[in-house]
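One file, final-v2.txt, is given below (compact mmCIF, C-alpha atoms).
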```txt
# COMPACT_ATOMS: atom_id res chain seq x y z
CA MET A 225 107.41 97.03 118.73
CA THR A 226 104.57 97.12 116.18
CA LEU A 227 104.93 99.86 113.58
CA ARG A 228 102.20 102.51 113.71
CA LEU A 229 100.64 102.37 110.24
CA PRO A 230 98.75 105.11 108.39
CA ALA A 231 94.98 104.71 108.65
CA HIS A 232 94.54 103.21 105.19
CA LEU A 233 97.12 100.42 105.72
CA SER A 234 96.56 97.13 107.50
CA ILE A 235 97.90 93.59 107.53
CA ARG A 236 95.78 90.70 106.25
CA ASN A 237 96.88 87.10 105.73
CA GLY A 238 100.47 88.17 106.17
CA HIS A 239 100.27 90.81 103.42
CA LEU A 240 100.21 94.59 103.60
CA VAL A 241 96.86 95.98 102.49
CA THR A 242 95.71 99.48 101.46
CA GLY A 243 91.99 99.93 101.98
CA LYS A 244 90.52 96.74 100.55
CA HIS A 245 93.46 95.97 98.29
CA ASP A 246 96.28 93.49 98.87
CA LEU A 247 99.48 95.26 97.81
CA VAL A 248 101.13 91.97 96.87
CA ASP A 249 98.29 91.33 94.41
CA LEU A 250 98.59 94.84 92.97
CA ALA A 251 102.32 94.34 92.44
CA GLU A 252 101.65 91.06 90.62
CA ARG A 253 99.02 92.72 88.44
CA TYR A 254 100.85 95.93 87.52
CA GLY A 255 104.51 95.06 88.08
CA THR A 256 107.15 96.89 90.06
CA PRO A 257 108.28 99.45 90.87
CA LEU A 258 104.76 100.72 91.50
CA TYR A 259 103.24 103.71 93.27
CA VAL A 260 99.86 102.92 94.87
CA ILE A 261 97.70 105.89 95.89
CA ASN A 262 94.68 105.64 98.19
CA GLU A 263 92.12 108.27 97.12
CA ASP A 264 89.86 107.70 100.12
CA HIS A 265 92.72 108.67 102.44
CA ILE A 266 93.40 111.87 100.50
CA VAL A 267 89.75 112.91 100.58
CA SER A 268 89.47 112.13 104.28
CA ASN A 269 92.54 114.26 105.00
CA PHE A 270 91.14 117.14 102.96
CA GLU A 271 87.81 117.05 104.79
CA ARG A 272 89.56 116.94 108.15
CA PHE A 273 91.81 119.91 107.38
CA GLN A 274 88.89 121.94 106.01
CA SER A 275 86.72 121.20 109.04
CA ALA A 276 89.47 122.11 111.53
CA LEU A 277 89.94 125.58 110.03
CA ALA A 278 86.28 126.28 109.26
CA SER A 279 85.32 125.71 112.89
CA TYR A 280 87.06 129.02 113.67
CA TYR A 281 86.39 131.13 110.56
CA PRO A 282 83.80 130.84 107.80
CA GLY A 283 85.81 131.96 104.77
CA VAL A 284 88.36 129.17 104.33
CA GLN A 285 89.76 127.95 101.01
CA ILE A 286 92.24 125.09 100.78
CA LEU A 287 94.70 125.27 97.92
CA TYR A 288 96.43 121.98 97.32
CA ALA A 289 100.18 122.43 96.77
CA ALA A 290 100.26 120.82 93.35
CA LYS A 291 104.04 120.37 93.40
CA ALA A 292 103.57 117.52 95.92
CA ASN A 293 101.96 115.25 93.32
CA GLY A 294 100.67 116.51 89.98
CA ASN A 295 98.80 113.42 88.85
CA LEU A 296 95.48 114.42 87.25
CA ALA A 297 93.61 111.79 89.27
CA VAL A 298 94.89 113.32 92.51
CA LEU A 299 94.00 116.83 91.35
CA ARG A 300 90.53 115.72 90.24
CA ALA A 301 89.83 114.00 93.55
CA LEU A 302 90.59 117.25 95.38
CA ALA A 303 88.83 119.48 92.82
CA ARG A 304 85.63 117.49 93.36
CA LYS A 305 85.80 118.44 97.06
CA GLY A 306 86.16 122.15 96.22
CA ALA A 307 89.92 122.49 96.51
CA GLY A 308 91.96 125.02 94.62
CA ALA A 309 95.70 124.79 94.04
CA ASP A 310 98.96 126.57 94.59
CA VAL A 311 100.74 126.13 91.25
CA PHE A 312 104.38 126.87 90.50
CA SER A 313 104.59 126.59 86.70
CA SER A 314 102.56 126.76 83.53
CA GLY A 315 102.47 122.97 83.60
CA GLU A 316 100.96 122.82 87.08
CA LEU A 317 98.51 125.58 86.17
CA THR A 318 97.36 123.68 83.08
CA LEU A 319 97.00 120.42 85.01
CA ALA A 320 94.91 122.12 87.70
CA LEU A 321 92.57 123.63 85.11
CA ARG A 322 92.25 120.31 83.26
CA ALA A 323 91.40 118.67 86.57
CA GLY A 324 88.41 121.01 86.88
CA MET A 325 89.74 123.45 89.44
CA LYS A 326 88.25 126.94 89.12
CA PRO A 327 90.64 129.71 88.00
CA GLU A 328 89.64 131.92 90.93
CA ARG A 329 90.80 129.17 93.30
CA LEU A 330 94.29 129.00 91.82
CA LEU A 331 97.35 130.99 92.90
CA PHE A 332 100.24 131.12 90.44
CA ASN A 333 103.25 131.23 92.72
CA GLY A 334 106.98 131.28 91.95
CA THR A 335 110.15 133.33 92.10
CA SER A 336 111.11 133.18 88.44
CA LYS A 337 108.11 133.22 86.13
CA SER A 338 108.82 133.62 82.43
CA THR A 339 106.90 136.00 80.17
CA ASP A 340 105.07 132.95 78.79
CA ASP A 341 104.08 132.00 82.36
CA LEU A 342 102.74 135.50 82.98
CA ARG A 343 100.84 135.57 79.68
CA LEU A 344 99.19 132.24 80.53
CA ALA A 345 98.22 133.61 83.94
CA VAL A 346 96.62 136.66 82.32
CA GLU A 347 94.76 134.52 79.76
CA SER A 348 93.57 132.04 82.40
CA GLY A 349 92.23 134.62 84.84
CA VAL A 350 94.10 133.21 87.82
CA ARG A 351 95.53 135.14 90.74
CA VAL A 352 99.28 135.70 90.64
CA SER A 353 101.57 135.81 93.65
CA ILE A 354 104.18 138.44 92.79
CA ASP A 355 107.70 137.84 94.06
CA SER A 356 109.48 141.08 93.06
CA ILE A 357 108.83 144.58 91.77
CA ASP A 358 110.48 143.58 88.49
CA GLU A 359 107.90 140.82 88.10
CA LEU A 360 105.10 143.29 88.92
CA ASN A 361 106.27 145.59 86.14
CA GLN A 362 106.50 142.73 83.64
CA LEU A 363 103.02 141.48 84.52
CA SER A 364 101.57 144.98 84.32
CA LYS A 365 102.99 145.37 80.82
CA ILE A 366 101.63 142.02 79.64
CA ALA A 367 98.20 142.72 81.17
CA SER A 368 98.11 146.18 79.56
CA GLU A 369 98.87 144.71 76.15
CA ALA A 370 96.10 142.15 76.63
CA LYS A 371 93.78 144.81 78.11
CA LYS A 372 92.86 142.36 80.89
CA THR A 373 93.01 143.11 84.59
CA VAL A 374 94.93 140.66 86.75
CA PRO A 375 94.27 140.07 90.46
CA ILE A 376 97.53 139.74 92.37
CA ALA A 377 99.01 139.11 95.79
CA PHE A 378 102.54 139.80 96.95
CA ARG A 379 104.52 137.03 98.56
CA VAL A 380 105.85 138.29 101.88
CA ASN A 381 109.17 137.11 103.26
CA PRO A 382 108.49 137.21 107.03
CA ALA A 383 112.14 136.41 107.96
CA LEU A 384 111.17 133.61 110.37
CA GLU A 385 113.44 130.80 111.57
CA VAL A 386 111.65 127.44 111.44
CA PRO A 387 112.63 123.94 112.60
CA THR A 388 113.03 122.09 109.30
CA HIS A 389 115.66 121.08 106.75
CA PRO A 390 117.50 124.16 105.39
CA LYS A 391 116.62 123.23 101.81
CA ILE A 392 112.89 123.52 102.53
CA ALA A 393 112.90 126.55 104.87
CA THR A 394 111.29 129.19 102.64
CA GLY A 395 110.59 132.03 105.08
CA LEU A 396 114.16 132.85 106.11
CA ALA A 397 115.49 136.34 105.42
CA THR A 398 118.21 134.73 103.28
CA THR A 399 115.98 132.65 100.98
CA LYS A 400 115.10 133.46 97.40
CA PHE A 401 111.38 133.65 98.20
CA GLY A 402 109.24 136.73 98.68
CA ILE A 403 109.59 140.45 99.32
CA PRO A 404 110.95 141.48 102.73
CA ALA A 405 108.14 142.44 105.13
CA GLY A 406 109.69 145.89 105.56
CA GLU A 407 109.33 146.60 101.84
CA ILE A 408 105.88 145.16 101.30
CA ILE A 409 103.87 148.37 101.81
CA ALA A 410 105.85 150.10 99.07
CA ALA A 411 105.14 147.13 96.81
CA TYR A 412 101.38 147.45 97.37
CA ALA A 413 101.57 151.20 96.70
CA ALA A 414 103.31 150.43 93.38
CA ALA A 415 100.68 147.83 92.49
CA ARG A 416 97.83 150.17 93.38
CA ASP A 417 99.15 152.63 90.80
CA ALA A 418 99.97 150.07 88.09
CA PRO A 419 97.59 149.70 85.13
CA TYR A 420 95.57 146.49 84.75
CA VAL A 421 96.88 145.08 88.06
CA ILE A 422 94.62 144.83 91.11
CA PRO A 423 96.15 143.90 94.47
CA VAL A 424 93.61 141.65 96.20
CA GLY A 425 95.67 139.31 98.35
CA MET A 426 98.69 138.70 100.51
CA HIS A 427 100.76 135.52 100.56
CA CYS A 428 103.51 133.88 102.59
CA HIS A 429 105.04 130.44 103.06
CA ILE A 430 107.56 129.72 105.80
CA GLY A 431 108.73 126.21 104.96
CA SER A 432 107.88 122.56 104.61
CA GLN A 433 107.79 119.49 106.89
CA ILE A 434 107.40 121.62 110.04
CA LEU A 435 106.54 119.61 113.15
CA ASP A 436 105.79 122.53 115.47
CA VAL A 437 102.72 124.78 115.20
CA GLU A 438 104.30 127.80 116.91
CA PRO A 439 106.07 129.14 113.75
CA PHE A 440 102.75 129.09 111.88
CA ALA A 441 101.16 131.22 114.60
CA ARG A 442 104.06 133.70 114.38
CA ALA A 443 103.62 133.93 110.62
CA ALA A 444 99.88 134.56 111.07
CA ALA A 445 100.66 137.42 113.45
CA VAL A 446 103.09 139.01 110.98
CA MET A 447 100.56 138.71 108.17
CA ALA A 448 97.74 140.15 110.29
CA ASP A 449 99.81 143.24 111.15
CA LEU A 450 100.80 143.74 107.52
CA ALA A 451 97.17 143.31 106.44
CA GLY A 452 96.25 146.24 108.66
CA GLU A 453 98.93 148.42 107.07
CA VAL A 454 97.92 147.40 103.55
CA THR A 455 94.26 148.08 104.32
CA ALA A 456 95.16 151.57 105.60
CA LEU A 457 96.79 152.13 102.21
CA GLY A 458 93.39 151.73 100.57
CA VAL A 459 93.83 148.15 99.36
CA THR A 460 90.91 145.76 99.84
CA LEU A 461 92.25 142.31 100.66
CA GLU A 462 90.04 139.52 99.36
CA PHE A 463 92.31 136.77 100.70
CA ILE A 464 95.31 136.15 102.92
CA ASP A 465 97.28 133.02 102.10
CA LEU A 466 99.32 131.60 104.99
CA GLY A 467 100.95 128.91 102.85
CA GLY A 468 101.43 125.31 103.86
CA GLY A 469 104.19 123.34 105.51
CA LEU A 470 102.47 121.16 108.13
CA GLY A 471 104.67 118.09 108.54
CA VAL A 472 104.01 114.38 108.75
CA PRO A 473 105.59 111.66 110.95
CA TYR A 474 107.93 109.95 108.48
CA HIS A 475 109.79 108.33 111.39
CA ARG A 476 106.61 106.76 112.66
CA GLU A 477 107.94 105.63 116.04
CA THR A 478 109.63 108.89 117.10
CA ASP A 479 108.20 111.83 115.12
CA VAL A 480 105.38 113.75 116.77
CA ALA A 481 103.48 115.61 114.07
CA PRO A 482 100.79 118.22 114.78
CA THR A 483 97.24 117.44 113.72
CA PRO A 484 95.13 119.86 111.69
CA GLU A 485 93.15 120.52 114.86
CA GLU A 486 96.34 121.51 116.71
CA TYR A 487 97.41 123.66 113.78
CA ALA A 488 94.02 125.39 113.76
CA ALA A 489 94.06 125.92 117.54
CA ALA A 490 97.42 127.70 117.29
CA VAL A 491 96.89 129.71 114.10
CA MET A 492 93.22 130.56 113.85
CA PRO A 493 92.79 132.62 117.05
CA VAL A 494 95.76 134.78 116.00
CA PHE A 495 94.35 135.21 112.51
CA VAL A 496 90.78 135.90 113.63
CA GLU A 497 91.89 138.41 116.27
CA GLY A 498 93.99 140.22 113.68
CA MET A 499 91.15 140.44 111.21
CA MET A 500 88.76 141.74 113.87
CA LYS A 501 91.32 144.32 115.02
CA HIS A 502 91.55 145.77 111.52
CA GLY A 503 87.87 145.40 110.67
CA ILE A 504 88.42 143.19 107.63
CA SER A 505 87.18 139.74 106.65
CA PRO A 506 89.25 138.34 103.77
CA GLN A 507 89.17 134.67 102.91
CA LEU A 508 91.82 132.57 104.58
CA TRP A 509 93.78 130.47 102.12
CA VAL A 510 96.15 127.68 103.14
CA GLU A 511 98.30 125.40 100.97
CA PRO A 512 98.73 121.89 102.42
CA GLY A 513 100.40 119.42 100.11
CA ARG A 514 102.53 116.98 102.05
CA TRP A 515 99.98 116.58 104.86
CA LEU A 516 97.20 115.77 102.41
CA LEU A 517 99.20 113.34 100.26
CA ALA A 518 102.25 111.81 101.94
CA GLU A 519 100.61 109.02 103.93
CA SER A 520 98.20 108.11 101.12
CA THR A 521 100.78 106.34 98.99
CA VAL A 522 103.26 103.48 99.10
CA LEU A 523 106.02 102.71 96.65
CA LEU A 524 106.29 98.97 96.01
CA THR A 525 109.70 97.67 95.01
CA ARG A 526 110.87 94.11 94.30
CA VAL A 527 114.07 92.61 95.74
CA ASN A 528 116.33 91.72 92.81
CA SER A 529 119.09 90.16 94.88
CA VAL A 530 120.48 89.96 98.41
CA LYS A 531 124.15 90.60 99.13
CA ARG A 532 125.76 89.92 102.46
CA ALA A 533 129.00 91.90 102.59
CA PHE A 534 129.99 94.18 105.48
CA LYS A 535 126.22 94.51 105.88
CA THR A 536 123.17 92.91 104.30
CA PHE A 537 121.92 94.69 101.19
CA ALA A 538 118.49 94.07 99.71
CA ASN A 539 118.98 95.33 96.15
CA VAL A 540 115.63 96.54 94.85
CA ASP A 541 114.25 97.84 91.57
CA ALA A 542 113.40 101.38 92.80
CA GLY A 543 116.05 103.95 93.63
CA PHE A 544 116.39 107.69 93.86
CA ASN A 545 115.21 107.84 90.26
CA LEU A 546 111.75 107.21 91.77
CA LEU A 547 112.16 108.47 95.36
CA LEU A 548 114.74 111.24 95.63
CA ARG A 549 114.02 112.36 99.20
CA PRO A 550 116.39 110.01 101.06
CA ALA A 551 119.32 110.99 98.81
CA MET A 552 118.49 114.69 98.66
CA TYR A 553 117.39 115.38 102.24
CA ASP A 554 118.65 112.32 104.17
CA SER A 555 114.97 111.64 104.70
CA TRP A 556 113.62 108.67 106.59
CA HIS A 557 110.91 106.47 105.12
CA GLU A 558 109.58 103.41 106.92
CA VAL A 559 109.87 100.16 104.97
CA ILE A 560 107.82 96.99 105.39
CA MET A 561 108.19 93.59 103.75
CA ALA A 562 104.76 93.61 102.10
CA ASN A 563 104.66 89.85 101.49
CA LYS A 564 105.87 89.08 105.05
CA ALA A 565 104.13 91.92 106.87
CA ASP A 566 103.23 89.83 109.91
CA GLN A 567 106.73 88.45 110.42
CA PRO A 568 109.11 89.99 112.95
CA GLY A 569 112.28 91.76 111.95
CA GLU A 570 115.21 89.32 112.26
CA GLU A 571 118.04 90.96 110.37
CA LYS A 572 119.43 94.44 109.86
CA VAL A 573 118.92 95.16 106.17
CA THR A 574 119.94 98.12 104.02
CA VAL A 575 117.54 98.66 101.13
CA ALA A 576 119.61 99.80 98.15
CA GLY A 577 118.40 101.02 94.78
CA PRO A 578 119.70 100.15 91.29
CA ILE A 579 121.22 103.56 90.50
CA CYS A 580 124.97 103.93 89.88
CA GLU A 581 125.49 106.22 92.88
CA THR A 582 126.76 105.36 96.35
CA GLY A 583 124.00 107.55 97.78
CA ASP A 584 121.23 105.44 96.27
CA ILE A 585 120.10 104.05 99.62
CA ILE A 586 116.37 103.94 100.38
CA ALA A 587 116.63 102.76 103.99
CA GLU A 588 119.68 101.84 106.05
CA ASP A 589 120.01 99.18 108.75
CA ARG A 590 116.31 98.37 109.20
CA LEU A 591 115.11 95.29 111.05
CA LEU A 592 113.25 93.20 108.47
CA PRO A 593 112.38 89.54 107.98
CA GLU A 594 115.26 87.72 106.30
CA PRO A 595 115.16 88.97 102.69
CA VAL A 596 115.31 86.79 99.59
CA ALA A 597 115.10 87.66 95.90
CA GLY A 598 111.48 88.22 94.91
CA ASP A 599 110.37 89.71 98.21
CA LEU A 600 108.21 92.85 97.96
CA ILE A 601 109.16 95.91 100.00
CA ALA A 602 106.69 98.73 100.62
CA ILE A 603 108.17 102.19 101.17
CA LEU A 604 105.67 104.22 103.19
CA ASP A 605 104.58 107.87 103.05
CA THR A 606 105.66 108.47 99.46
CA GLY A 607 102.61 110.37 98.19
CA ALA A 608 104.24 113.80 98.42
CA TYR A 609 107.42 114.58 96.51
CA GLY A 610 107.75 110.97 95.42
CA TYR A 611 106.77 110.50 91.78
CA ALA A 612 106.71 114.30 91.44
CA MET A 613 110.53 114.38 91.76
CA ALA A 614 111.18 111.21 89.74
CA SER A 615 113.58 111.14 86.80
CA GLN A 616 114.86 108.87 84.02
CA TYR A 617 118.40 108.84 85.41
CA ASN A 618 120.49 105.85 84.32
CA GLY A 619 118.04 105.37 81.45
CA ARG A 620 115.34 103.97 83.71
CA PRO A 621 111.71 104.52 82.64
CA ARG A 622 109.49 105.93 85.36
CA SER A 623 107.06 103.60 87.07
CA PRO A 624 103.28 103.36 86.76
CA GLU A 625 100.90 104.79 89.34
CA VAL A 626 97.75 103.00 90.50
CA MET A 627 94.92 104.59 92.46
CA VAL A 628 92.53 102.70 94.70
CA LYS A 629 89.14 103.84 95.96
CA GLY A 630 86.78 101.49 97.76
CA ASP A 631 86.65 98.29 95.70
CA HIS A 632 88.26 99.94 92.67
CA ALA A 633 91.91 99.84 91.61
CA GLU A 634 92.95 101.39 88.31
CA LEU A 635 96.03 102.63 86.53
CA VAL A 636 96.24 106.44 86.67
CA ARG A 637 99.62 106.73 84.96
CA ARG A 638 101.10 104.05 82.74
CA GLY A 639 104.69 103.05 83.21
CA GLU A 640 107.15 104.48 80.74
CA THR A 641 108.92 102.27 78.20
CA ILE A 642 112.38 102.35 76.67
CA ASP A 643 110.77 103.98 73.62
CA ASP A 644 109.56 106.80 75.88
CA LEU A 645 113.17 107.53 76.80
CA CYS A 646 113.85 108.34 73.15
CA ALA A 647 110.51 109.98 72.32
CA THR A 648 111.76 113.57 72.58
CA MET A 649 115.22 112.95 71.14
CA LEU A 650 116.23 113.93 67.59
CA ILE A 651 119.12 112.73 65.46
CA PRO A 652 121.11 115.66 63.99
CA SER A 653 121.31 115.83 60.22
CA TRP A 654 125.06 115.12 60.08
CA GLN A 655 124.49 111.73 61.74
CA GLN A 656 121.86 110.68 59.20
CA GLU A 657 124.21 110.33 56.25
```
This entry written out as structure tokens:
Amino acid sequence: MTLRLPAHLSIRNGHLVTGKHDLVDLAERYGTPLYVINEDHIVSNFERFQSALASYYPGVQILYAAKANGNLAVLRALARKGAGADVFSSGELTLALRAGMKPERLLFNGTSKSTDDLRLAVESGVRVSIDSIDELNQLSKIASEAKKTVPIAFRVNPALEVPTHPKIATGLATTKFGIPAGEIIAAYAAARDAPYVIPVGMHCHIGSQILDVEPFARAAAVMADLAGEVTALGVTLEFIDLGGGLGVPYHRETDVAPTPEEYAAAVMPVFVEGMMKHGISPQLWVEPGRWLLAESTVLLTRVNSVKRAFKTFANVDAGFNLLLRPAMYDSWHEVIMANKADQPGEEKVTVAGPICETGDIIAEDRLLPEPVAGDLIAILDTGAYGYAMASQYNGRPRSPEVMVKGDHAELVRRGETIDDLCATMLIPSWQQE
């Protein structure tokens, strides 16, 4: 069976190719491990998602979930198309602004913002998604001291069960995220009376990697009903943010992932009907991250050695220090021998990383061409939560990232060096004698 490849990947002269670029050549030029990002694919995905929603409702704003991949080149590519961002830290906020995203298109989200985070939000003029009454009071105090008004939303916990991994289900009643829907009206009443705080939005997020559109429609219905109650309270909603979470087909032969058009067909009629019922017309904000980025990127890793024990191990130079998802979530990623991409799978191979952990397995028991040292393996669909979750565990510098667009291929993040591992470390005075 031929593997169903993402649109930007193809096979040419036996090699795996992204756009116009031979991945074997890129690995030779930049070394491995190496993340390769296809900008054209990201932009195409953004335009498709935007078009699907806008065909139902004119006031649509896409906020890229910056946590998926915070590289400035990725953020700039999306900013140039008019995207905003959902940011979860002062670091992500600063990156989004440096990428050219407009402050009014940013939403500072998060359950545990520090006072420094809140001060930066006030100074930057971004909208803040409030996660508790305690946070509202802290922000109100900081805004009062700065004598600057701050537009806010409350993050609603809609208490919805969704079909995804428990660690990325964010709309359950038991999660740390959001204010229970039954308490949200009281929260808006408190915000309405707080100095220097203006409630202008409403926010929710039910989870990530969801492969069914029905939960998104249920969330839209909950938010539409709450919007009516908040409007009756005298609050003018400028936007309603339904979050992100649309999944992708990591297991490319069995996963059935909804398209943006299917998402829009399920969600938008519910949203539009709710807005018409209550006589309001706020902007609709959504926060795709994974769907925009995952398929755009491959992680290239070189086979260091092959060991045939109770099974065949291809020992490669990338592990969960660079791609944590398989170890953390038992996630599946397709793997292809990039230098033998046209050859059939002959042997069951387990792709194992170099980390000193039994769980450092990238892919288990996959049919691949017979591996030998020096082969190049491409790990697919690594654009979201790949490099973003990378670490220096085992003293391993993080890899470079390359971006391709049309005929161009350029480094967008240099690889770290051993000196970088020590760059933030200090020797205490008593060891300097």
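Between A:Thr335 and the candidates A:Ala251, A:Leu450, A:Ala323, A:Val311, the tightest atom-to-atom separation, counting all atoms listed in the file, involves A:Val311.
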Measuring atom to atom with all atoms listed in the file, identify which of A:Met613, A:Ala602, A:Gly334, A:Gly471 is nearest to A:Asn563. A:Ala602
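The shortest atom-to-atom distance to A:Gly607, with only C-alpha atoms taken into account, belongs to A:Glu625 out of A:Asp644, A:Asp465, A:Glu347, A:Glu625.
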Report as AutoDock Vina command-line options the centre and the edge lengths, in Å to one decimal, of the axis-aligned box holding every listed atom of stretch 302-318 of chain A, padded by 3 Å on each side.
```
--center_x 95.1 --center_y 122.1 --center_z 90.1 --size_x 25.0 --size_y 15.6 --size_z 20.0
```
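Rounded to one decimal, atom CA of A:Arg322 and atom CA of A:Arg351 lie 16.9 Å from each other.
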Please provide as a PyMOL selection string all residues within 9 Å of A:Asp605, with the sequence filter that same-chain residues fewer than 5 positions apart are discarded (counting only C-alpha atoms). chain A and resi 230+472-474+517-523+557-558+610
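Coordinates place atom CA of A:Ser313 at a distance of 23.1 Å from atom CA of A:Ile266.
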Skip stretch 489-500 of chain A itself and residues of its chain fewer than 6 positions away, then list as a ChimeraX atom specification all residues within 8 Å of it, counting only C-alpha atoms. /A:277,280-281,437-438,440-441,444-445,448-449,506
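Atom CA of A:Lys326 to atom CA of A:Ile366 spans 22.3 Å [interatomic distance, one decimal].
If all atoms listed in the file are the atoms counted, then among A:Ala307, A:Ile579, A:Leu258, A:Leu317 the closest residue to A:Val346 is A:Leu317.
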Show me, as a PyMOL selection string, the residues that have an atom within 9 Å of A:Arg272 when counting only C-alpha atoms, minus same-chain residues fewer than 4 positions from it. chain A and resi 267-268+276-277+484-485
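When only C-alpha atoms are used to measure the gap to A:Asn262, the shortest distance among A:Ala320, A:Val241, A:Leu600, A:Leu650 belongs to A:Val241.
When only C-alpha atoms are used to measure the gap to A:Asn528, the shortest distance among A:Val380, A:Ile504, A:Leu461, A:Ala542 belongs to A:Ala542.
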